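Student: One file: model.cif (mmCIF, C-alpha atoms).
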data_entry
#
loop_
_atom_site.label_atom_id
_atom_site.label_comp_id
_atom_site.auth_asym_id
_atom_site.auth_seq_id
_atom_site.Cartn_x
_atom_site.Cartn_y
_atom_site.Cartn_z
CA MET A 1 -43.73 -45.98 -28.19
CA GLU A 2 -42.04 -44.53 -31.22
CA THR A 3 -41.65 -40.79 -31.73
CA LYS A 4 -40.25 -38.80 -34.64
CA PRO A 5 -38.34 -35.52 -34.73
CA GLN A 6 -40.69 -32.55 -34.83
CA LYS A 7 -40.76 -29.35 -36.89
CA ASN A 8 -39.93 -26.97 -34.08
CA GLU A 9 -38.90 -26.75 -30.47
CA LYS A 10 -42.40 -26.39 -29.08
CA MET A 11 -43.64 -29.50 -30.87
CA GLU A 12 -40.53 -31.28 -29.53
CA LYS A 13 -41.74 -30.35 -26.07
CA VAL A 14 -45.19 -31.81 -26.83
CA ARG A 15 -43.48 -34.94 -28.10
CA ASP A 16 -41.38 -35.25 -24.95
CA ILE A 17 -44.44 -35.10 -22.71
CA VAL A 18 -46.38 -37.58 -24.87
CA GLU A 19 -43.44 -39.98 -24.87
CA GLU A 20 -43.05 -39.74 -21.11
CA ILE A 21 -46.75 -40.30 -20.29
CA ARG A 22 -47.67 -42.61 -23.19
CA ILE A 23 -51.24 -43.36 -22.02
CA ALA A 24 -53.81 -40.81 -23.21
CA MET A 25 -57.41 -40.19 -22.29
CA MET A 26 -59.21 -39.97 -25.63
CA THR A 27 -62.49 -38.08 -25.59
CA THR A 28 -65.15 -38.73 -28.23
CA VAL A 29 -68.81 -37.77 -28.63
CA ASP A 30 -71.26 -40.67 -28.22
CA GLU A 31 -74.63 -41.29 -29.91
CA GLN A 32 -76.44 -39.32 -27.18
CA GLY A 33 -74.07 -36.35 -27.47
CA ASN A 34 -72.17 -37.12 -24.26
CA LEU A 35 -68.42 -36.55 -24.12
CA VAL A 36 -66.83 -39.83 -23.11
CA SER A 37 -63.17 -40.69 -22.58
CA ARG A 38 -61.09 -43.81 -22.12
CA PRO A 39 -57.40 -44.63 -21.61
CA MET A 40 -55.47 -45.55 -24.75
CA ALA A 41 -51.79 -46.37 -25.23
CA ALA A 42 -50.18 -44.17 -27.87
CA LEU A 43 -48.05 -46.16 -30.31
CA GLN A 44 -46.45 -43.45 -32.36
CA PHE A 45 -46.11 -39.67 -32.46
CA ASP A 46 -45.28 -39.10 -36.10
CA GLU A 47 -43.30 -36.36 -37.87
CA ASP A 48 -46.46 -34.27 -38.36
CA GLY A 49 -47.41 -34.46 -34.68
CA ASN A 50 -50.19 -37.00 -35.32
CA VAL A 51 -50.84 -39.75 -32.78
CA TRP A 52 -51.43 -43.41 -33.66
CA PHE A 53 -53.28 -46.02 -31.59
CA PHE A 54 -54.46 -49.59 -31.94
CA THR A 55 -58.18 -50.13 -31.66
CA ASN A 56 -60.78 -52.82 -32.13
CA ARG A 57 -62.76 -51.89 -35.22
CA LYS A 58 -65.96 -53.00 -33.42
CA SER A 59 -65.38 -50.74 -30.41
CA PRO A 60 -67.88 -47.97 -29.62
CA LYS A 61 -65.26 -45.26 -30.25
CA VAL A 62 -64.81 -46.34 -33.88
CA ASP A 63 -68.59 -46.16 -34.33
CA GLN A 64 -68.68 -42.74 -32.69
CA ILE A 65 -65.87 -41.40 -34.87
CA GLU A 66 -67.45 -42.75 -38.04
CA HIS A 67 -71.08 -41.88 -37.34
CA VAL A 68 -71.24 -39.12 -34.73
CA GLU A 69 -68.20 -36.84 -34.65
CA GLN A 70 -64.71 -37.26 -36.11
CA ARG A 71 -63.20 -34.64 -33.86
CA VAL A 72 -61.61 -35.94 -30.67
CA ASN A 73 -59.40 -34.77 -27.83
CA VAL A 74 -56.32 -36.67 -26.77
CA ALA A 75 -55.09 -35.64 -23.31
CA PHE A 76 -51.85 -36.70 -21.65
CA ALA A 77 -51.61 -35.91 -17.94
CA SER A 78 -48.96 -36.49 -15.33
CA VAL A 79 -50.03 -34.87 -12.08
CA SER A 80 -46.80 -35.76 -10.28
CA ASP A 81 -44.66 -34.00 -12.93
CA ALA A 82 -47.27 -31.26 -13.58
CA ASP A 83 -47.06 -32.05 -17.30
CA TYR A 84 -50.17 -31.79 -19.44
CA VAL A 85 -50.83 -31.96 -23.17
CA SER A 86 -54.13 -31.47 -24.97
CA ILE A 87 -54.34 -32.46 -28.62
CA SER A 88 -57.42 -31.49 -30.61
CA GLY A 89 -57.64 -33.54 -33.76
CA VAL A 90 -59.58 -35.48 -36.32
CA ALA A 91 -59.62 -39.25 -35.90
CA THR A 92 -59.73 -41.74 -38.74
CA GLU A 93 -59.55 -45.50 -38.83
CA VAL A 94 -56.59 -46.62 -40.95
CA ASP A 95 -56.52 -50.30 -41.89
CA ASP A 96 -52.88 -50.52 -42.88
CA ARG A 97 -51.53 -54.01 -42.18
CA ALA A 98 -47.92 -52.97 -42.89
CA LYS A 99 -48.15 -50.19 -40.33
CA ILE A 100 -49.83 -52.55 -37.85
CA ASN A 101 -46.87 -54.89 -38.27
CA GLU A 102 -44.46 -52.01 -37.77
CA LEU A 103 -46.16 -50.81 -34.57
CA TRP A 104 -47.03 -54.20 -33.07
CA ASN A 105 -45.64 -54.77 -29.57
CA PRO A 106 -46.00 -57.55 -27.00
CA GLN A 107 -48.05 -55.37 -24.60
CA ALA A 108 -50.77 -55.06 -27.24
CA LYS A 109 -51.42 -58.77 -26.79
CA ALA A 110 -53.31 -58.00 -23.59
CA TRP A 111 -56.04 -56.37 -25.72
CA PHE A 112 -55.58 -58.43 -28.88
CA PRO A 113 -54.78 -61.97 -27.73
CA LYS A 114 -55.02 -63.25 -31.30
CA GLY A 115 -52.00 -61.08 -32.15
CA LYS A 116 -51.30 -58.71 -34.98
CA ASP A 117 -53.30 -60.74 -37.49
CA ASP A 118 -56.52 -60.33 -35.50
CA PRO A 119 -59.01 -59.14 -38.12
CA ASP A 120 -60.61 -56.80 -35.56
CA LEU A 121 -57.31 -55.01 -34.94
CA THR A 122 -56.98 -51.72 -36.78
CA LEU A 123 -55.29 -48.33 -36.37
CA LEU A 124 -56.72 -45.05 -35.20
CA LYS A 125 -54.86 -41.98 -36.43
CA VAL A 126 -55.47 -38.63 -34.77
CA HIS A 127 -54.55 -35.82 -37.16
CA THR A 128 -53.44 -33.05 -34.83
CA GLN A 129 -55.16 -29.72 -35.49
CA MET A 130 -54.12 -27.95 -32.32
CA ALA A 131 -51.75 -28.97 -29.54
CA GLU A 132 -51.42 -27.26 -26.18
CA TYR A 133 -49.06 -27.96 -23.35
CA TRP A 134 -48.63 -26.63 -19.86
CA ASP A 135 -45.07 -26.07 -18.85
CA SER A 136 -44.41 -27.05 -15.26
CA ASN A 137 -41.40 -24.72 -15.10
CA ASP A 138 -43.07 -21.40 -15.72
CA SER A 139 -46.81 -22.23 -15.47
CA THR A 140 -47.55 -20.92 -18.94
CA MET A 141 -49.67 -22.62 -21.53
CA VAL A 142 -48.33 -22.91 -25.06
CA ARG A 143 -50.72 -23.36 -27.98
CA LEU A 144 -49.72 -24.61 -31.42
CA PHE A 145 -51.98 -24.59 -34.44
CA GLN A 146 -51.74 -26.80 -37.47
CA GLN A 147 -53.29 -25.57 -40.68
CA ALA A 148 -56.58 -27.37 -41.07
CA SER A 149 -56.06 -27.63 -44.81
CA ALA A 150 -53.11 -29.94 -44.29
CA VAL A 151 -55.38 -32.77 -43.23
CA VAL A 152 -57.72 -32.29 -46.15
CA THR A 153 -55.20 -31.71 -48.91
CA GLY A 154 -52.29 -33.74 -47.66
CA THR A 155 -49.90 -30.83 -48.00
CA THR A 156 -47.11 -30.36 -45.51
CA PRO A 157 -48.65 -28.93 -42.34
CA LYS A 158 -47.18 -25.84 -40.79
CA MET A 159 -47.27 -25.31 -37.08
CA GLY A 160 -47.88 -21.77 -35.92
CA GLU A 161 -47.05 -20.74 -32.41
CA ASN A 162 -49.00 -18.74 -29.96
CA GLU A 163 -48.11 -18.45 -26.34
CA LYS A 164 -50.52 -17.33 -23.74
CA VAL A 165 -50.57 -17.38 -19.98
CA TYR A 166 -52.50 -20.31 -18.56
CA ASN A 167 -55.93 -19.86 -17.06
CA MET B 1 -59.91 -31.65 -1.92
CA GLU B 2 -63.08 -32.54 -0.10
CA THR B 3 -65.06 -35.69 -0.89
CA LYS B 4 -68.37 -36.96 0.46
CA PRO B 5 -69.62 -40.49 1.10
CA GLN B 6 -71.20 -41.99 -2.01
CA LYS B 7 -74.38 -43.97 -2.62
CA ASN B 8 -72.74 -47.28 -3.41
CA GLU B 9 -69.47 -49.12 -3.48
CA LYS B 10 -68.71 -48.45 -7.13
CA MET B 11 -69.15 -44.70 -6.74
CA GLU B 12 -66.90 -44.93 -3.67
CA LYS B 13 -64.28 -46.41 -5.97
CA VAL B 14 -64.70 -43.48 -8.39
CA ARG B 15 -64.39 -41.11 -5.45
CA ASP B 16 -61.18 -42.80 -4.26
CA ILE B 17 -59.54 -42.40 -7.67
CA VAL B 18 -60.67 -38.78 -8.02
CA GLU B 19 -59.38 -37.97 -4.54
CA GLU B 20 -56.03 -39.60 -5.24
CA ILE B 21 -55.43 -37.89 -8.61
CA ARG B 22 -57.20 -34.57 -7.91
CA ILE B 23 -56.20 -32.86 -11.19
CA ALA B 24 -58.58 -33.55 -14.07
CA MET B 25 -58.38 -32.90 -17.77
CA MET B 26 -61.67 -31.20 -18.61
CA THR B 27 -62.75 -31.45 -22.25
CA THR B 28 -65.14 -28.90 -23.75
CA VAL B 29 -66.27 -28.06 -27.29
CA ASP B 30 -64.95 -24.74 -28.62
CA GLU B 31 -66.56 -22.25 -31.02
CA GLN B 32 -65.10 -24.09 -34.03
CA GLY B 33 -66.34 -27.48 -32.83
CA ASN B 34 -62.93 -28.70 -31.67
CA LEU B 35 -62.67 -30.78 -28.51
CA VAL B 36 -60.22 -29.01 -26.20
CA SER B 37 -59.01 -29.98 -22.74
CA ARG B 38 -57.09 -28.37 -19.92
CA PRO B 39 -55.93 -29.37 -16.43
CA MET B 40 -58.18 -28.33 -13.57
CA ALA B 41 -57.90 -28.99 -9.84
CA ALA B 42 -61.03 -30.63 -8.45
CA LEU B 43 -62.20 -28.99 -5.22
CA GLN B 44 -65.02 -31.25 -4.17
CA PHE B 45 -66.63 -34.54 -5.12
CA ASP B 46 -70.08 -34.13 -3.61
CA GLU B 47 -72.62 -36.66 -2.29
CA ASP B 48 -74.25 -36.95 -5.74
CA GLY B 49 -70.94 -37.65 -7.49
CA ASN B 50 -70.74 -34.14 -8.96
CA VAL B 51 -67.37 -32.41 -9.30
CA TRP B 52 -66.71 -28.77 -8.34
CA PHE B 53 -63.95 -26.51 -9.67
CA PHE B 54 -62.91 -22.89 -9.44
CA THR B 55 -62.81 -20.99 -12.69
CA ASN B 56 -62.37 -17.49 -14.00
CA ARG B 57 -65.76 -16.40 -15.32
CA LYS B 58 -64.00 -14.77 -18.29
CA SER B 59 -62.16 -17.93 -19.31
CA PRO B 60 -62.84 -19.52 -22.72
CA LYS B 61 -64.28 -22.66 -21.12
CA VAL B 62 -67.07 -20.71 -19.40
CA ASP B 63 -67.93 -19.13 -22.76
CA GLN B 64 -67.86 -22.54 -24.43
CA ILE B 65 -70.10 -24.10 -21.78
CA GLU B 66 -72.59 -21.22 -21.94
CA HIS B 67 -72.66 -20.69 -25.70
CA VAL B 68 -71.47 -23.85 -27.45
CA GLU B 69 -72.05 -27.06 -25.49
CA GLN B 70 -72.82 -27.65 -21.82
CA ARG B 71 -71.72 -31.25 -21.93
CA VAL B 72 -68.13 -31.91 -20.86
CA ASN B 73 -65.83 -34.76 -20.00
CA VAL B 74 -63.76 -34.79 -16.84
CA ALA B 75 -60.94 -37.35 -16.95
CA PHE B 76 -58.66 -38.36 -14.09
CA ALA B 77 -55.61 -40.38 -15.10
CA SER B 78 -52.74 -41.88 -13.18
CA VAL B 79 -50.58 -43.90 -15.53
CA SER B 80 -48.26 -45.11 -12.76
CA ASP B 81 -51.17 -46.57 -10.75
CA ALA B 82 -53.15 -47.58 -13.86
CA ASP B 83 -56.18 -45.74 -12.46
CA TYR B 84 -58.52 -43.94 -14.81
CA VAL B 85 -61.90 -42.26 -14.39
CA SER B 86 -64.07 -40.71 -17.08
CA ILE B 87 -66.98 -38.53 -16.00
CA SER B 88 -69.50 -37.41 -18.60
CA GLY B 89 -71.52 -34.51 -17.29
CA VAL B 90 -73.23 -31.21 -17.73
CA ALA B 91 -71.30 -28.14 -16.59
CA THR B 92 -72.85 -25.03 -15.11
CA GLU B 93 -71.35 -21.90 -13.64
CA VAL B 94 -72.50 -21.45 -10.05
CA ASP B 95 -71.81 -18.06 -8.49
CA ASP B 96 -72.25 -19.05 -4.86
CA ARG B 97 -70.03 -16.89 -2.64
CA ALA B 98 -70.74 -19.02 0.45
CA LYS B 99 -69.60 -22.14 -1.35
CA ILE B 100 -66.55 -20.29 -2.73
CA ASN B 101 -65.65 -19.41 0.88
CA GLU B 102 -66.15 -23.01 1.95
CA LEU B 103 -63.94 -24.41 -0.84
CA TRP B 104 -61.26 -21.69 -0.86
CA ASN B 105 -57.71 -22.98 -0.31
CA PRO B 106 -54.27 -21.36 -0.36
CA GLN B 107 -53.22 -23.16 -3.57
CA ALA B 108 -56.01 -21.41 -5.45
CA LYS B 109 -54.14 -18.16 -4.90
CA ALA B 110 -51.76 -19.12 -7.71
CA TRP B 111 -54.65 -18.64 -10.17
CA PHE B 112 -56.59 -16.01 -8.24
CA PRO B 113 -54.01 -13.75 -6.61
CA LYS B 114 -56.73 -11.36 -5.45
CA GLY B 115 -58.08 -14.14 -3.24
CA LYS B 116 -61.56 -15.47 -2.70
CA ASP B 117 -63.20 -12.09 -3.17
CA ASP B 118 -61.88 -11.78 -6.73
CA PRO B 119 -65.01 -10.84 -8.71
CA ASP B 120 -63.82 -13.03 -11.62
CA LEU B 121 -63.67 -16.12 -9.40
CA THR B 122 -66.66 -18.41 -9.74
CA LEU B 123 -67.52 -22.10 -9.47
CA LEU B 124 -67.97 -24.68 -12.18
CA LYS B 125 -70.16 -27.63 -11.22
CA VAL B 126 -70.10 -30.75 -13.34
CA HIS B 127 -73.34 -32.71 -12.85
CA THR B 128 -72.26 -36.30 -13.38
CA GLN B 129 -74.42 -38.18 -15.88
CA MET B 130 -72.18 -41.18 -16.37
CA ALA B 131 -69.00 -42.25 -14.60
CA GLU B 132 -66.63 -44.96 -15.74
CA TYR B 133 -63.54 -46.31 -14.10
CA TRP B 134 -60.89 -48.80 -15.05
CA ASP B 135 -59.86 -51.09 -12.27
CA SER B 136 -56.14 -51.78 -12.27
CA ASN B 137 -56.65 -55.04 -10.35
CA ASP B 138 -58.81 -56.94 -12.81
CA SER B 139 -58.59 -54.81 -15.99
CA THR B 140 -62.34 -54.42 -16.22
CA MET B 141 -64.18 -51.21 -16.93
CA VAL B 142 -67.12 -50.30 -14.70
CA ARG B 143 -69.80 -47.94 -15.97
CA LEU B 144 -72.29 -46.13 -13.76
CA PHE B 145 -75.27 -44.17 -15.03
CA GLN B 146 -77.06 -41.39 -13.29
CA GLN B 147 -80.63 -40.70 -14.27
CA ALA B 148 -80.57 -37.70 -16.55
CA SER B 149 -83.81 -36.44 -15.01
CA ALA B 150 -82.08 -35.88 -11.70
CA VAL B 151 -80.19 -32.90 -13.04
CA VAL B 152 -83.28 -31.36 -14.56
CA THR B 153 -85.77 -31.98 -11.79
CA GLY B 154 -83.50 -31.86 -8.76
CA THR B 155 -84.79 -35.22 -7.50
CA THR B 156 -82.42 -37.61 -5.79
CA PRO B 157 -80.31 -39.22 -8.48
CA LYS B 158 -80.03 -42.97 -8.63
CA MET B 159 -76.90 -44.63 -9.85
CA GLY B 160 -77.37 -47.75 -11.91
CA GLU B 161 -74.56 -50.17 -12.41
CA ASN B 162 -73.36 -51.87 -15.51
CA GLU B 163 -70.14 -53.73 -15.72
CA LYS B 164 -68.48 -54.59 -18.94
CA VAL B 165 -65.08 -55.87 -19.88
CA TYR B 166 -62.66 -53.12 -20.87
CA ASN B 167 -61.79 -52.80 -24.48
#
Write out the structure in this file as structure tokens.
Tutor:
Amino acid sequence: METKPQKNEKMEKVRDIVEEIRIAMMTTVDEQGNLVSRPMAALQFDEDGNVWFFTNRKSPKVDQIEHVEQRVNVAFASVSDADYVSISGVATEVDDRAKINELWNPQAKAWFPKGKDDPDLTLLKVHTQMAEYWDSNDSTMVRLFQQASAVVTGTTPKMGENEKVYN
Amino acid sequence: METKPQKNEKMEKVRDIVEEIRIAMMTTVDEQGNLVSRPMAALQFDEDGNVWFFTNRKSPKVDQIEHVEQRVNVAFASVSDADYVSISGVATEVDDRAKINELWNPQAKAWFPKGKDDPDLTLLKVHTQMAEYWDSNDSTMVRLFQQASAVVTGTTPKMGENEKVYN
């Protein structure tokens, strides 16, 4: 996966964990109100701390995001390294063929055998609103907030920092 | 952690993955409607496929479960083994001192230094409504439903089975 430099040291730490683990469990809300999750390979962690994925536009999660609840959780967990990241964000489908070309990789062929021109292939962007990570070194949890307005207005998001002890 | 024999082969498979990974990411809905997750060590996978955890009764997740949304997702992920489980369930706090005694273990002391008599220590039970797992051998996803009425009425839950190809 591709990752970009982040705005501060704590977001760099989030990026490092995401890059190391790569496969997230994405939780959405289904039509019955259940919280459901599934593994998804992250493609890019962009300069604003947003996470990009490929998805099939006909998959249940796209339906859930469009018709039930746009807010999702993206969790990266490595039990062996005791590294954990939780990203709370807003998911949107982005049908950007240039970006699909840019992020296309041979592994994606397992899910999209028709390749990058598959008309069902589209992008899912998770706009990060809050990121948290658990640091295996000192067992603290670090929480980072992104101004909600950034997603709505497209202004440069600022990340605030707020450390608290895990539990 | 402790696990019990399950009702059928597919739930045994879920149990095996849970037992192997042990640390879940539990997703809840917070006061602002965000989906937030955190790592939690599973203590027991009981005979009905429910998952038990220790928690601090003053933690945000207990507040969220009691005042915002009882439904949670419990995800177990091992990227290196390509094993993933998603459990959609209903969480309840269960203040059962006998069960706390039964499930107490030395590792829990890291979070509850006062030990098993800590008055803030309580149990979180996730009643499994739906479990899904991804089988690393044949890349299919297996979905298992539990009758919702079982949680409400206390009758013996039945697990239905429904296989579909992962996507």
Student: Define the interface residues of chain B facing chain A as those within 8 Å, counting all atoms listed in the file, and report them as a PyMOL selection string.
Tutor: chain B and resi 21+23+25+27+33-39+56+59+71-73+75+77-79+84-89+111+167
Student: Around (-49.4, -53.5, -30.5) in the file's frame, which residues reach within 12 Å when counting only C-alpha atoms? Return as an MDAnalysis selection string?
Tutor: chainID A and resid 1:2 40:44 52:56 97 99:118 121:123
Student: Could you check the closest approach to Gln6 of chain B for each of B:Phe145, B:Gln32, B:Gly49, B:Glu20 and tell me which residue wins, using all atoms listed in the file?
Tutor: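 The shortest atom-to-atom distance to Gln6 of chain B comes from B:Gly49.
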Student: Can you provide chain A as a compact mmCIF listing (two decimals) with C-alpha atoms, in the coordinates of the input, superposed onto chain B by least squares across all C-alpha atoms matched in order?
Tutor:
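selection_24.txt, freshly written:
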# COMPACT_ATOMS: atom_id res chain seq x y z
CA MET A 1 -59.92 -31.66 -1.91
CA GLU A 2 -63.09 -32.55 -0.09
CA THR A 3 -65.06 -35.69 -0.88
CA LYS A 4 -68.37 -36.96 0.46
CA PRO A 5 -69.62 -40.49 1.10
CA GLN A 6 -71.18 -42.00 -2.01
CA LYS A 7 -74.37 -43.97 -2.62
CA ASN A 8 -72.73 -47.28 -3.40
CA GLU A 9 -69.45 -49.12 -3.47
CA LYS A 10 -68.70 -48.45 -7.12
CA MET A 11 -69.16 -44.70 -6.73
CA GLU A 12 -66.89 -44.94 -3.65
CA LYS A 13 -64.27 -46.40 -5.95
CA VAL A 14 -64.71 -43.49 -8.39
CA ARG A 15 -64.39 -41.12 -5.45
CA ASP A 16 -61.19 -42.79 -4.25
CA ILE A 17 -59.54 -42.42 -7.65
CA VAL A 18 -60.67 -38.79 -8.01
CA GLU A 19 -59.37 -37.97 -4.54
CA GLU A 20 -56.03 -39.62 -5.23
CA ILE A 21 -55.43 -37.90 -8.60
CA ARG A 22 -57.19 -34.58 -7.90
CA ILE A 23 -56.19 -32.87 -11.18
CA ALA A 24 -58.58 -33.55 -14.07
CA MET A 25 -58.37 -32.90 -17.77
CA MET A 26 -61.67 -31.21 -18.62
CA THR A 27 -62.75 -31.46 -22.23
CA THR A 28 -65.14 -28.92 -23.74
CA VAL A 29 -66.27 -28.08 -27.28
CA ASP A 30 -64.95 -24.76 -28.62
CA GLU A 31 -66.56 -22.27 -31.02
CA GLN A 32 -65.09 -24.11 -34.03
CA GLY A 33 -66.34 -27.50 -32.82
CA ASN A 34 -62.93 -28.73 -31.66
CA LEU A 35 -62.66 -30.81 -28.50
CA VAL A 36 -60.22 -29.04 -26.21
CA SER A 37 -59.01 -30.00 -22.74
CA ARG A 38 -57.09 -28.38 -19.92
CA PRO A 39 -55.92 -29.39 -16.43
CA MET A 40 -58.18 -28.34 -13.56
CA ALA A 41 -57.90 -29.00 -9.83
CA ALA A 42 -61.04 -30.63 -8.44
CA LEU A 43 -62.20 -29.00 -5.21
CA GLN A 44 -65.02 -31.25 -4.16
CA PHE A 45 -66.64 -34.55 -5.11
CA ASP A 46 -70.08 -34.14 -3.61
CA GLU A 47 -72.62 -36.67 -2.29
CA ASP A 48 -74.25 -36.96 -5.74
CA GLY A 49 -70.94 -37.66 -7.48
CA ASN A 50 -70.75 -34.15 -8.97
CA VAL A 51 -67.38 -32.42 -9.28
CA TRP A 52 -66.72 -28.78 -8.34
CA PHE A 53 -63.95 -26.52 -9.67
CA PHE A 54 -62.91 -22.90 -9.43
CA THR A 55 -62.81 -21.00 -12.69
CA ASN A 56 -62.39 -17.49 -14.01
CA ARG A 57 -65.77 -16.41 -15.32
CA LYS A 58 -64.01 -14.76 -18.30
CA SER A 59 -62.16 -17.94 -19.32
CA PRO A 60 -62.85 -19.51 -22.72
CA LYS A 61 -64.27 -22.67 -21.11
CA VAL A 62 -67.06 -20.71 -19.40
CA ASP A 63 -67.93 -19.15 -22.77
CA GLN A 64 -67.87 -22.55 -24.43
CA ILE A 65 -70.11 -24.11 -21.78
CA GLU A 66 -72.58 -21.23 -21.94
CA HIS A 67 -72.68 -20.71 -25.70
CA VAL A 68 -71.48 -23.86 -27.45
CA GLU A 69 -72.04 -27.07 -25.49
CA GLN A 70 -72.83 -27.66 -21.82
CA ARG A 71 -71.73 -31.26 -21.92
CA VAL A 72 -68.14 -31.91 -20.86
CA ASN A 73 -65.83 -34.77 -19.98
CA VAL A 74 -63.77 -34.80 -16.83
CA ALA A 75 -60.94 -37.36 -16.95
CA PHE A 76 -58.67 -38.37 -14.09
CA ALA A 77 -55.62 -40.40 -15.09
CA SER A 78 -52.75 -41.89 -13.17
CA VAL A 79 -50.59 -43.92 -15.52
CA SER A 80 -48.27 -45.12 -12.76
CA ASP A 81 -51.17 -46.58 -10.74
CA ALA A 82 -53.16 -47.60 -13.86
CA ASP A 83 -56.18 -45.75 -12.45
CA TYR A 84 -58.54 -43.96 -14.80
CA VAL A 85 -61.91 -42.27 -14.38
CA SER A 86 -64.08 -40.71 -17.07
CA ILE A 87 -66.99 -38.55 -15.99
CA SER A 88 -69.50 -37.42 -18.59
CA GLY A 89 -71.53 -34.52 -17.28
CA VAL A 90 -73.23 -31.21 -17.72
CA ALA A 91 -71.30 -28.15 -16.59
CA THR A 92 -72.85 -25.04 -15.12
CA GLU A 93 -71.35 -21.91 -13.65
CA VAL A 94 -72.50 -21.46 -10.05
CA ASP A 95 -71.82 -18.06 -8.50
CA ASP A 96 -72.26 -19.04 -4.88
CA ARG A 97 -70.04 -16.89 -2.65
CA ALA A 98 -70.75 -19.02 0.45
CA LYS A 99 -69.61 -22.14 -1.36
CA ILE A 100 -66.56 -20.30 -2.72
CA ASN A 101 -65.67 -19.40 0.86
CA GLU A 102 -66.16 -23.00 1.94
CA LEU A 103 -63.94 -24.40 -0.83
CA TRP A 104 -61.26 -21.69 -0.86
CA ASN A 105 -57.72 -22.97 -0.30
CA PRO A 106 -54.28 -21.35 -0.35
CA GLN A 107 -53.22 -23.16 -3.56
CA ALA A 108 -56.02 -21.40 -5.45
CA LYS A 109 -54.14 -18.15 -4.89
CA ALA A 110 -51.76 -19.11 -7.69
CA TRP A 111 -54.64 -18.64 -10.16
CA PHE A 112 -56.59 -16.01 -8.24
CA PRO A 113 -54.01 -13.74 -6.61
CA LYS A 114 -56.73 -11.35 -5.47
CA GLY A 115 -58.09 -14.14 -3.26
CA LYS A 116 -61.56 -15.47 -2.70
CA ASP A 117 -63.19 -12.07 -3.18
CA ASP A 118 -61.89 -11.76 -6.74
CA PRO A 119 -65.01 -10.85 -8.72
CA ASP A 120 -63.82 -13.04 -11.62
CA LEU A 121 -63.67 -16.12 -9.40
CA THR A 122 -66.66 -18.41 -9.75
CA LEU A 123 -67.52 -22.11 -9.47
CA LEU A 124 -67.97 -24.69 -12.18
CA LYS A 125 -70.16 -27.63 -11.22
CA VAL A 126 -70.11 -30.78 -13.34
CA HIS A 127 -73.34 -32.72 -12.84
CA THR A 128 -72.27 -36.31 -13.37
CA GLN A 129 -74.42 -38.19 -15.89
CA MET A 130 -72.18 -41.19 -16.36
CA ALA A 131 -69.00 -42.25 -14.59
CA GLU A 132 -66.64 -44.98 -15.73
CA TYR A 133 -63.55 -46.32 -14.09
CA TRP A 134 -60.90 -48.81 -15.05
CA ASP A 135 -59.85 -51.10 -12.27
CA SER A 136 -56.13 -51.77 -12.27
CA ASN A 137 -56.65 -55.03 -10.37
CA ASP A 138 -58.75 -56.94 -12.85
CA SER A 139 -58.56 -54.77 -16.02
CA THR A 140 -62.32 -54.39 -16.24
CA MET A 141 -64.18 -51.20 -16.92
CA VAL A 142 -67.11 -50.31 -14.70
CA ARG A 143 -69.81 -47.95 -15.96
CA LEU A 144 -72.30 -46.13 -13.75
CA PHE A 145 -75.27 -44.19 -15.02
CA GLN A 146 -77.07 -41.39 -13.28
CA GLN A 147 -80.64 -40.70 -14.27
CA ALA A 148 -80.58 -37.68 -16.54
CA SER A 149 -83.81 -36.41 -15.02
CA ALA A 150 -82.08 -35.85 -11.70
CA VAL A 151 -80.18 -32.88 -13.07
CA VAL A 152 -83.26 -31.33 -14.60
CA THR A 153 -85.74 -31.92 -11.80
CA GLY A 154 -83.47 -31.83 -8.80
CA THR A 155 -84.74 -35.16 -7.54
CA THR A 156 -82.40 -37.56 -5.81
CA PRO A 157 -80.28 -39.21 -8.51
CA LYS A 158 -80.01 -42.96 -8.62
CA MET A 159 -76.88 -44.63 -9.84
CA GLY A 160 -77.36 -47.76 -11.89
CA GLU A 161 -74.53 -50.17 -12.39
CA ASN A 162 -73.34 -51.89 -15.46
CA GLU A 163 -70.09 -53.73 -15.68
CA LYS A 164 -68.45 -54.57 -18.91
CA VAL A 165 -65.03 -55.78 -19.91
CA TYR A 166 -62.73 -52.99 -21.03
CA ASN A 167 -61.91 -52.47 -24.67
Student: By how many Å are atom CA of Glu19 of chain B and atom CA of Glu47 of chain B apart?
Tutor: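 Distance reported for this atom pair: 13.5 Å.
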Student: Would you list the contacts of Lys10 of chain B as a ChimeraX atom specification, taking every protein, DNA or RNA residue within 9 Å and counting only C-alpha atoms, but skipping same-chain residues closer than 4 positions in sequence?
Tutor: /B:6,14-15,133,142-144,161
